[in-house]
Amino acid sequence: MSVLFLSLPLAVAWVAVTGSASPHNFVFGLALSLLSLAVVREAFADRSPPRRISPLHILLLAGLFLKELALSAWRVALTVLSPRMQLTPGILAFPLTVRDDFQITLLANLITLTPGTLSVDVSEDRRTLYVHALDCADPLAVRRDIADGFERRIMEAFG
Amino acid sequence: MMDYTLAIATALLLLAGAFFALVAAIGILRLPDLYTRMHAASKAGTVGSGLLLLAAGIYSGELAVLARALAGFLFFILTAPVSAHLLAKAAHKTGHFPADISVRDDMRMR
Amino acid sequence: MEVLFAILVGLFFSAAVYLILSRFSIRIMLGIAILGNAVNLLIFTAGRVTREVPPIIPTGADMLPSGAANPLPQALILTAIVISFSFLAFLLVLTYRAYQELGTDDTTRMHDAEPEDRSLPPLGY
Amino acid sequence: MNTVIFRTVAPFITALMLLFSVFILLRGHNEPGGGFIGGLIAASALAIYGIAFGVQAVRRAMRFHPLAIAGFGLLLSCIAGLVSIFFAMPFMTGLWIYPVVFGVEVPLSSVMLFDLGVYLVVLGAVASIALALEEREMD
Amino acid sequence: MAAPIPDLSAAMVTTPVPPAHWLAILPVALCISLGALLLMLRSLPRLQAWIAIAGLAVVLFLDAALLRQVVEHGPLTMVMGRWLPPFGIAFTVDVFSALMALAAAVAALSAGIYALSDVTESGRRYGFFPLLMLLMAGVTGAFLTGDIFNLYVWFEVLLISSFGLLILGSERAQIDGALKYAVLNLIATTLFLISIGILYASFGTLNMADIAERAAGLSGTAPLMTLACLFLLAFAMKAAAFPVNFWLPASYHTPRIAVSALFAGLLTKVGIYALLRVLVMLLPVERDELSLLISVVGALTIIVGALGALAETDLRRLLGYVVISGIGNMMVGAALGTADGLSGAVFYALHSVVLMTALYLVAGEAGRRGGSFSIAALAGLYRQNGWFAAISLMLLLAACGLPPFSGFWPKVLLVKASLDVGAWWLAGAILLGGFLLTIACGRVFLLAYWRPALMALPPVRTGWTASLPLAALTILVIGFGILPEQLLQLARSAAEGLADPSAYIFTVFPEGTIR
Amino acid sequence: MADVTALTFLALCLPLIGALAAPFIIRAFGAGGAWLLAVAPLLAFLHFLRLLPQIADGEIITDGYDWVPVLGLRFSWFLDGLSLTFALLITGIGTLIVLYAGGYLKGHPDQGRFFSFIFLFMGAMLGVVVSDSFLMFFIFWELTSITSFLLIGFDHEREAARRAALQALVVTGGGGLLLLAGLLLLWGQTGVAQLSELLQFGDIVRGSPLYFATLLLVLAGAFTKSAQFPFHFWLPNAMEAPTPVSAYLHSATMVKAGVYLLMRLNPVMGATSAWEVLLPIFGGLTLATGSVLAIRQTDLKLKLAYTTVSSLGLLVLLTGFGSDYAVEAAVLYLVAHSLFKGALFMVAGIIDHETGTRNITRLRGLRKAMPLTFAIAMAAAFSMAGLPPFFGFLAKEEIYTALVGGDLYSILATTIAVFGNALMFAIAFAVAMRPFLGRPVETPKPPHEAPVLLWLGPAVLALAGLLVALFSGVIHGAISSPMASAVAGIPKAVSISLVPHVGLPLALSLLTILLGIAVYWQLDRSRTLVGYLLHSVQGPDRGFDHVIAGLVRFAHHVIAIVQPRRLDVYVACTFLCVAAILFVPLISHDELPLGFVWPADLRLQEAGVMLIALFGLAAVLIARDRLTAIVSLGIQGFAVALIFLLFGAPDLAFTQFMVETLAVVILALVMTRLRLSPTDPRHGARRLFDIALSLACGLGFALLLMRSTDAPFNTALTDFFNAHSKLIAHGANVVNVIIVDFRGTDTLGEIAVVAVTGLAILALIRIRGNSERRLATNDPDAEEA
Amino acid sequence: MITPAAIVSTAAIAALGILCVALLITVWRVIAGPSLPDRILALDMLTGIAIGFIAVVAVRTGFSLYIDIAIALGLVGFLATVAFARFVLSRGQVGDAGPGTQRRN
Ligand code: NA
Ligand code: NA
């Protein structure tokens, strides 16, 4: 089921990449998408699609992400280019609220791309995310930022 | 006029992209340990090459090319954190712990 | 420009030869990888070097504009790259298996095909 | 590499890369790409899948033995060269046909068949190598 | 798209291809196709074997038909994809190519049949027969192609296939031998490729007929002498000439006997083929200048090979040195460059393909019967089976170049050619090599065959998979020894084709073709 | 009358037919099959006998068939007095030997095989003497070596037999190779490849600057085959063969092949000072050596063998002596020797066969038990001793007639001849009388008379020795004179008869007899004396062992040096060759680059990328541990890709990126499993050497590339591809069109390489050493099967 | 008057220059290490900068086809880093020596 669900965006990507929006090309792209998804079908077999998908919140999430990404690149630039780098790095444990694999992954990746934080690992029981932070002087603040930021938005977008 | 807009946008993107790539490189050079260097690579690096791709996409003036450039950008965003995570995890697991200036390491207490 | 390329090619060859002269099969493999690149650059230079214009016929044109790079050496190199990649892959796995079976990557300590204590053949009749 | 993050992302990446490999294969004749690079990308896709889910998963995904795929590709390429025997033309002569599918003229040629063979050979062989190397790990 | 109507005749051969010309490519195409098919049928080892044997038989037939065609109608060219030469790849076959291809098919078929019982189940499952077919594709392609880069490609096909065959079994000695073999051979093919690069830089073309035509005009402007030296070194390595023969004694004795037999028959000969083709046909002026160097190398190779045969205890390694000694003889022929010298080299190559394949099969049987490959341990083979001993003795004598076996004629030609140009020392080296080999082979027969075994060896049945190829090859060795006329004529016409490639060039560029 | 050509061919083939049939006939009839087998040589003998009148009339028969026309080679025969005599001896004695062998090897499990070898030998020997073309002659010459190898080693379970066989093969085969060179030189000098034609070219051959070299080569062949000093040692050892072989090969036929060759070439190469010095010297030395050594022996066969050596020496001496009568003497002695020596060997064989020993000191008084054998022996011994009325007497008279002269040379030769003949006289009776006279002693087997198969042969030969002497006129007309004419190259008429001419020769004969009797009288003491004198002399026979063992040791050392079993040495040698092959012609043929122009318009990014490439190389080179080197490998690969990118090769860059990355991936996958020691340094001199060598190679390639790109470039191919790839081949990417269309065949080969790589790697990983254990759990092929 | 093409061209040259510097710096990190993961990270970074480099060349030459090369490089570069990470994981402890290798999966 989720294979079919995923093949549509792939077919759209095909159309975009090949640069021909003819129906033939779309059908062809769809067929190819199904084929390539068929190869990895096993990985989706035990996975149900998210219960709720909220396009609006996805857009909001994307917007937040782009903003954070730009900001983080800039912050890195500032840090790196400053003559004396003031760093208090460290790895901290972040207790996860999200449970779904997809959500965990999304969260972890978003954290990596945002300022000052980098996902290192998820615990075996999937309850803790280990995050490396450039500024670990106040771990609580970092945890709060993540929980109130991306984690909440993700739960809104993919309930 | 459109030409100039496009050209200036491209030029800016090029310079910004190159700048961020350089920043990432400098970060890799200057930052004290693997984990801090990863910050530079995964953020500035991704943004840098993303912007350069975008510049190429815009400059071509073809929608398909732009689409491809965006697809490429998206792809980096999809993969960069994963590879950073895998490398960091592997390094940590094999005893490459953060440098001494680090203030804490919750993973080590597991 | 060919002169510069020739120097570069020479340096590639030197590096490759130096590595291949090593006793250790892994370094030899690295040398062989570099050797492949050296040869590719050599063929590339052999077809003479031009800048940046790829041998791709632009939409609307029927023939390649002048000033485009020479496509033939590129085609030859493509074949050579693929072949040298294949060989490198095989050699790497061979090195690994040699290490596994013979317990070393030091080729001077590999005496299975050519045993060290070679005795004289019988001298009688 | 039994991490949640990688395992979740890997199938997406694999599917995307496979799609991209077909794209590269098909346009090789006019722009950089072609069977060899397409095959390499496809094999890379499978390698990522394999690192995430293990060798057996890739074998199931491929259905056929990778070397059988490579053999099929080689056969295909050879046949693409040999069909010209029926037209009294030498080996490897490019033959083009333009069938109309649903109103669209689709250029097909023995050359494309040849390139498809290249794609399959590279895919099969490289996948076989990667799988063989991975497999030893569980020995 | 309003493209201008292209002028096809300016780009392509527009006349239909005569069916006979397909013979130039069919052996190669068939080998590849069957190799590919066998790759797909890897899990059916029995069926595989039979397809491979039948395929090789067909290839043998095709090669024979090709030889006949070439002998009757002169060299032929098939331009791949119809593209006008020198733009497309041309397969150009003259008597030399066709002869070598045919001899290769004989060796491959023999080794293939022997492999039916020699190669183990796992060896088959992991690709003996597909590797055999692809090795043959490489060998045949190398012999038949008329394009020098394409020659390189076929070299690589046969090289990688030989790697596969060499390690089949994964024994320690095999892996050690394969490592040395692979590294040194890779250096050799790389040198070949470098030579092609330099050749391309100078000539701008890759078609051998084209190169042959242009070579005279380029001396003086292009570094042809260095180029010729590079080619010489590359092919000398491939052919295992002294002092770059290391890989052969390091590896030939390690794989299954069927594989050793195949290698002994084919691999070094491809090097010799290329040496003759490139140095004699393409760069004759440079070859002439290099003839002293090649002579010295040839003479040393003969002697070192013969000494190696004397020094070795392992029968298979001993035979490896016999191969090397033979290579020296062929090099001498190439160095002389006269009609007798070249035809001697060609004849020797053909003889060596058949003989060395047979001798390795003999070694295999000897090892199977006597339980060892060491002449220190082997004994009693004569008492055990007279026929096998007779065949062995004849083949050993043939290796020494004694009459009435096939090795005699090339030796006569080469000694005569050497004496004709006053190179008495070359003649001396050839004769001395033959003398030392006689001692070595005589000792083998004494120790392994005549010497009584400590305990009488139990009778061992020789299956048809061993006796059929052995008998056939021995008949060839005797046949060409007693009735050499046909083969001598062919060798001579091959030599003439090399020395004067006008017919070769003409098939590629018949008059009126746009250049 | 049947076609003579065909019949002669058949006669030459009869031995071969016999060889093929022998095992079957012996299996069917046992030893009695010898009667049937003897028909083959007998028919050939009769055929040659029928040609005798023609030849006696001075005719020469040359005929044959085309064989190897491309070399101007015919399967052709050349029958004159010389070759016909030999042919008759070979087939005639051959017939008798076959019968003898039938009795001698009765019940031997390999008797059939033995007959095959004997027949093969007979065919080869017949071929030697009738061949007209050089190569055919040589082929048969070597065949006699090979068959004698088989025959000497017939009793292969004894080491001595194996050693003797190898010795014969090595000595005669090696000499044969030199002979081949000699024959090819003759061919080259005269342009003719037939002996019959060569006879016309005597002056050219003798006048050639290569005459002396040719002579030495020919003599090498002849002397080894005919056991001349110092190659004489193999012949006595050849007595390891069964007695029929000794009688046939090593007295009557094969050992005379060398003499035959000298006689055959006498008209062409003879009558020069070299010829007339070398032959008598070696012949004389051989005669003396053989005679002395014969005294020393106790074994009947060995005694005879050494006298054979002497006789061969005498023959060579005569052939080279150059006087008028010498040729005639040689001819007569050759025939006589074949008859008496064959007979005596067979007698020795009979004694051995019937008593179980050949030791002369353990044999006495056999005359009662073996009267017939005694008679035969005495008849043969008379001939050997040169006593009338046997043929040997005629020969000896002629010898002395030939040698006698006033000069020092003749006196020396005569002295040696007398000395040798006297010793042979003594030995003849030592063999023929000693065992039979006196009181019988215990022998391993109780003696009794031999069966007919055994005595028939020697009886016929001994009788022949008498008959030909009695009817010497007929024989001279039919055989001696034609043969002597052939040897001399001019017509000769032999006339000597049993009626002695009083003169110096007769006196010498008497002297010989007296001396011979004296030696016979003191036989045991002479033996002791010779043994004492030669006690510490290292003969060439011992030397043979040293030579072979030394050769093997030497070869072993050489191979240890040239094949040092170390890959790094192999590689270093290879690259030394590379450096040499680059620099020598570059300098000697002035192929260095014409000039050096630094590119003026080098751009920043281009320089930068090249710099990165160099950094990448440096990174790999300086990496202290292999792991770092592996990881650094990617840098230069990427840099090369970027270079391709900047210089208009996107396809290359694309492929290079992919391949480089995948290579690194495979490296990583592989290295995951290796536990490498952390460092692997290169030290000191080795490091300097490696650096110098690698720099030299790099510089060489750079210079070569500069030079080859100096010249203007032929763009014909490139122009063609650029013009046609879109219009005709329907592709805009010219590189790809070349790959899949213009040069698609390359790509076909290339993907074959890729496919094979997959297979080879799979085999490499899956198959495990000797046990061939495969993965039990996760081998997917287990399911497929 | 500066043409649009000149603007882009200048910017592209500048970008190429900067990228070259970035590449060199990254190369330095590959060489200097000190640890294996450091080198791998630098290699990954090298791929990233190469992607940017390709994009700039695409702009300079006007051949958009280069973008696909960049994309493909991104895809395969990811594979390389994953493989290396795996290598680190199974290969061993700090210092790359000793038997301390936890064989995972
Ligand atoms: Na490469
Ligand atoms: Na390709």
# chains A, B, ... in the order shown; residues from 1 in each chain; ligands from 1
$ interface_residues --of "chain A" --to "chain B" --cutoff "10 Å" --atoms "only C-alpha atoms" --output "MDAnalysis selection string"
chainID A and resid 13:21 69:81 85 87:94 105:106 108:123 129:137 139
$ residues_around --residues "Ala83 of chain G" --least-positions-apart "3" --cutoff "9 Å" --atoms "only C-alpha atoms" --output "NGL selection string"
(:D and (48 or 51)) or (:F and (664-666 or 668-669)) or (:G and (78-80 or 86-88))
$ residues_near_ligand --ligand "ligand 2" --cutoff "9 Å" --atoms "only C-alpha atoms and all ligand atoms" --output "list in words"
Ala75, Leu76, Ile77, Leu78, Thr79, Ala80, Ile81 and Val82 of chain C; Gly34, Gly35, Phe36, Ile37 and Val118 of chain D; Thr655, Asn736, Ile739, Val740, Gly744, Asp746, Thr747, Leu748, Glu750 and Ile751 of chain F
$ residues_near_ligand --ligand "ligand 1" --cutoff "12 Å" --atoms "only C-alpha atoms and all ligand atoms" --output "PyMOL selection string"
(chain C and resi 29-41+77-89) or (chain F and resi 633-641+652-664)
$ interface_residues --of "chain F" --to "chain C" --cutoff "7 Å" --atoms "only C-alpha atoms" --output "JSON, numbers by chain"
{"F": [159, 162, 163, 549, 556, 565, 566, 567, 568, 571, 572, 596, 597, 598, 599, 617, 626, 646, 647, 648, 649, 650, 652, 659, 663, 666, 667, 670, 674, 690, 691, 694, 695, 697, 698, 699, 701, 702, 705, 706, 709, 718, 722, 723, 726, 727, 732, 733, 734, 735, 738, 739, 747, 750, 753, 754, 757, 761]}
$ select_by_dssp --residues "chain D" --states "helix (DSSP H, G or I)" --output "PyMOL selection string"
chain D and resi 4-27+35-53+55-62+66-87+110-136
$ select_by_dssp --residues "segment 13-246 of chain E" --states "strand (DSSP E)" --output "list in words"
Leu76, Thr77, Met78, Val79, Ala90, Phe91, Thr92 and Val93 of chain E
$ interface_residues --of "chain G" --to "chain A" --cutoff "12 Å" --atoms "only C-alpha atoms" --output "VMD selection string"
chain G and resid 65 67 to 68 71
$ closest_atom_pairs --of "chain G" --to "chain B" --cutoff "7 Å" --atoms "only C-alpha atoms" --output "CSV"
residue,atom,partner,partner_atom,distance
G:Pro4,CA,B:Ala7,CA,5.2
G:Ala5,CA,B:Ala7,CA,7.0
G:Ile7,CA,B:Ala7,CA,6.5
G:Val8,CA,B:Ala11,CA,5.2
G:Ala11,CA,B:Ala11,CA,5.1
G:Ala12,CA,B:Leu14,CA,6.5
G:Ala15,CA,B:Ala18,CA,5.3
G:Ile18,CA,B:Ala18,CA,6.0
G:Leu19,CA,B:Ala18,CA,5.8
G:Ala22,CA,B:Leu22,CA,4.7
G:Ile25,CA,B:Ala25,CA,6.0
G:Thr26,CA,B:Ala25,CA,5.6
G:Arg29,CA,B:Leu29,CA,6.2
G:Pro37,CA,B:Ala91,CA,6.2
G:Asp38,CA,B:Leu34,CA,5.7
G:Met45,CA,B:Ala41,CA,6.1
G:Gly48,CA,B:Ser49,CA,6.2
G:Ile49,CA,B:Ala21,CA,6.3
G:Ile51,CA,B:Ser49,CA,6.2
G:Gly52,CA,B:Ser49,CA,4.4
G:Ala55,CA,B:Leu53,CA,5.3
G:Val56,CA,B:Leu52,CA,6.5
G:Ala58,CA,B:Ala56,CA,6.2
G:Val59,CA,B:Ala56,CA,5.3
G:Gly62,CA,B:Ser60,CA,6.9
G:Ser64,CA,B:Ser60,CA,6.2
G:Ile67,CA,B:Ala69,CA,6.6
G:Ile71,CA,B:Gly72,CA,5.1
G:Gly74,CA,B:Phe76,CA,6.7
G:Phe78,CA,B:Thr79,CA,6.6
G:Thr81,CA,B:Ser83,CA,6.2
G:Val82,CA,B:Ser83,CA,6.0
G:Ala85,CA,B:Leu87,CA,4.8
G:Val88,CA,B:Ala90,CA,6.0
G:Leu89,CA,B:Ala90,CA,4.8
G:Gly92,CA,B:Thr94,CA,5.9
G:Gln93,CA,B:Thr94,CA,4.7
G:Val94,CA,B:Gly95,CA,5.6
$ atom_distance --atom1 "atom CA of Gly322 of chain F" --atom2 "atom CA of Met483 of chain F"
16.0 Å
$ closest_residue --among "F:Lys341, F:Arg74, F:Arg686, F:His156" --to "chain E" --atoms "only C-alpha atoms"
F:His156
$ residues_around --residues "Phe445 of chain E" --least-positions-apart "5" --cutoff "9 Å" --atoms "only C-alpha atoms" --output "NGL selection string"
:E and (382 or 389 or 392-393 or 396 or 440 or 450-451)
$ closest_atom_pairs --of "chain G" --to "chain C" --cutoff "9 Å" --atoms "only C-alpha atoms" --output "CSV"
residue,atom,partner,partner_atom,distance
G:Val57,CA,C:Glu52,CA,8.5
G:Arg60,CA,C:Glu52,CA,8.9
G:Thr61,CA,C:Glu52,CA,6.8
G:Phe63,CA,C:Pro54,CA,8.6
$ write_last_selection --atoms "N, CA and C atoms" --output "PDB file, in the first residue's frame"
ATOM      1  N   VAL G  57      31.355  24.665 -12.753  1.00  0.00           N
ATOM      2  CA  VAL G  57      31.788  24.409 -14.130  1.00  0.00           C
ATOM      3  C   VAL G  57      30.584  24.394 -15.057  1.00  0.00           C
ATOM      4  N   ARG G  60      29.877  27.912 -15.782  1.00  0.00           N
ATOM      5  CA  ARG G  60      30.906  28.503 -16.639  1.00  0.00           C
ATOM      6  C   ARG G  60      30.765  28.067 -18.091  1.00  0.00           C
ATOM      7  N   THR G  61      30.531  26.811 -18.303  1.00  0.00           N
ATOM      8  CA  THR G  61      30.494  26.311 -19.668  1.00  0.00           C
ATOM      9  C   THR G  61      29.107  26.381 -20.271  1.00  0.00           C
ATOM     10  N   PHE G  63      26.902  24.195 -19.902  1.00  0.00           N
ATOM     11  CA  PHE G  63      26.367  22.853 -20.121  1.00  0.00           C
ATOM     12  C   PHE G  63      25.698  22.366 -18.843  1.00  0.00           C
TER      13      PHE G  63
END
$ atom_distance --atom1 "atom CA of Asn385 of chain E" --atom2 "atom CA of Ala366 of chain E"
10.6 Å
$ closest_atom_pairs --of "segment 230-253 of chain E" --to "segment 162-166 of chain E" --cutoff "10 Å" --atoms "only C-alpha atoms" --output "tab-separated table"
residue	atom	partner	partner_atom	distance
E:Ser251	CA	E:Leu166	CA	8.1
E:Tyr252	CA	E:Leu166	CA	8.3
E:His253	CA	E:Leu166	CA	9.6
$ decode --residues "segment 73-84 of chain D" --atoms "N, CA, C and O atoms" --output "short mmCIF file (atom, residue, chain, number, x, y, z; two decimals), in the first residue's frame"
data_model
loop_
_atom_site.label_atom_id
_atom_site.label_comp_id
_atom_site.auth_asym_id
_atom_site.auth_seq_id
_atom_site.Cartn_x
_atom_site.Cartn_y
_atom_site.Cartn_z
N GLY D 73 22.82 -9.66 -19.34
CA GLY D 73 23.20 -8.40 -19.96
C GLY D 73 24.23 -8.61 -21.05
O GLY D 73 24.13 -8.04 -22.15
N LEU D 74 25.20 -9.45 -20.76
CA LEU D 74 26.25 -9.71 -21.75
C LEU D 74 25.65 -10.36 -23.00
O LEU D 74 25.98 -10.00 -24.13
N LEU D 75 24.77 -11.29 -22.74
CA LEU D 75 24.09 -11.96 -23.87
C LEU D 75 23.30 -10.94 -24.68
O LEU D 75 23.34 -10.94 -25.92
N LEU D 76 22.62 -10.07 -23.97
CA LEU D 76 21.80 -9.05 -24.63
C LEU D 76 22.68 -8.18 -25.53
O LEU D 76 22.34 -7.90 -26.69
N SER D 77 23.80 -7.75 -25.00
CA SER D 77 24.69 -6.89 -25.79
C SER D 77 25.20 -7.62 -27.01
O SER D 77 25.31 -7.05 -28.10
N CYS D 78 25.53 -8.87 -26.81
CA CYS D 78 26.04 -9.65 -27.92
C CYS D 78 24.97 -9.82 -28.99
O CYS D 78 25.23 -9.69 -30.18
N ILE D 79 23.76 -10.09 -28.51
CA ILE D 79 22.66 -10.26 -29.46
C ILE D 79 22.40 -8.96 -30.20
O ILE D 79 22.17 -8.95 -31.41
N ALA D 80 22.51 -7.85 -29.48
CA ALA D 80 22.32 -6.55 -30.13
C ALA D 80 23.32 -6.37 -31.26
O ALA D 80 23.02 -5.74 -32.27
N GLY D 81 24.51 -6.94 -31.08
CA GLY D 81 25.48 -6.87 -32.15
C GLY D 81 25.19 -7.84 -33.27
O GLY D 81 25.48 -7.58 -34.43
N LEU D 82 24.57 -8.96 -32.89
CA LEU D 82 24.40 -10.03 -33.87
C LEU D 82 23.16 -9.88 -34.74
O LEU D 82 23.09 -10.47 -35.81
N VAL D 83 22.15 -9.09 -34.28
CA VAL D 83 20.92 -9.04 -35.07
C VAL D 83 21.17 -8.56 -36.48
O VAL D 83 20.45 -8.93 -37.40
N SER D 84 22.22 -7.77 -36.66
CA SER D 84 22.43 -7.22 -38.00
C SER D 84 22.74 -8.31 -39.03
O SER D 84 22.71 -8.05 -40.22
#
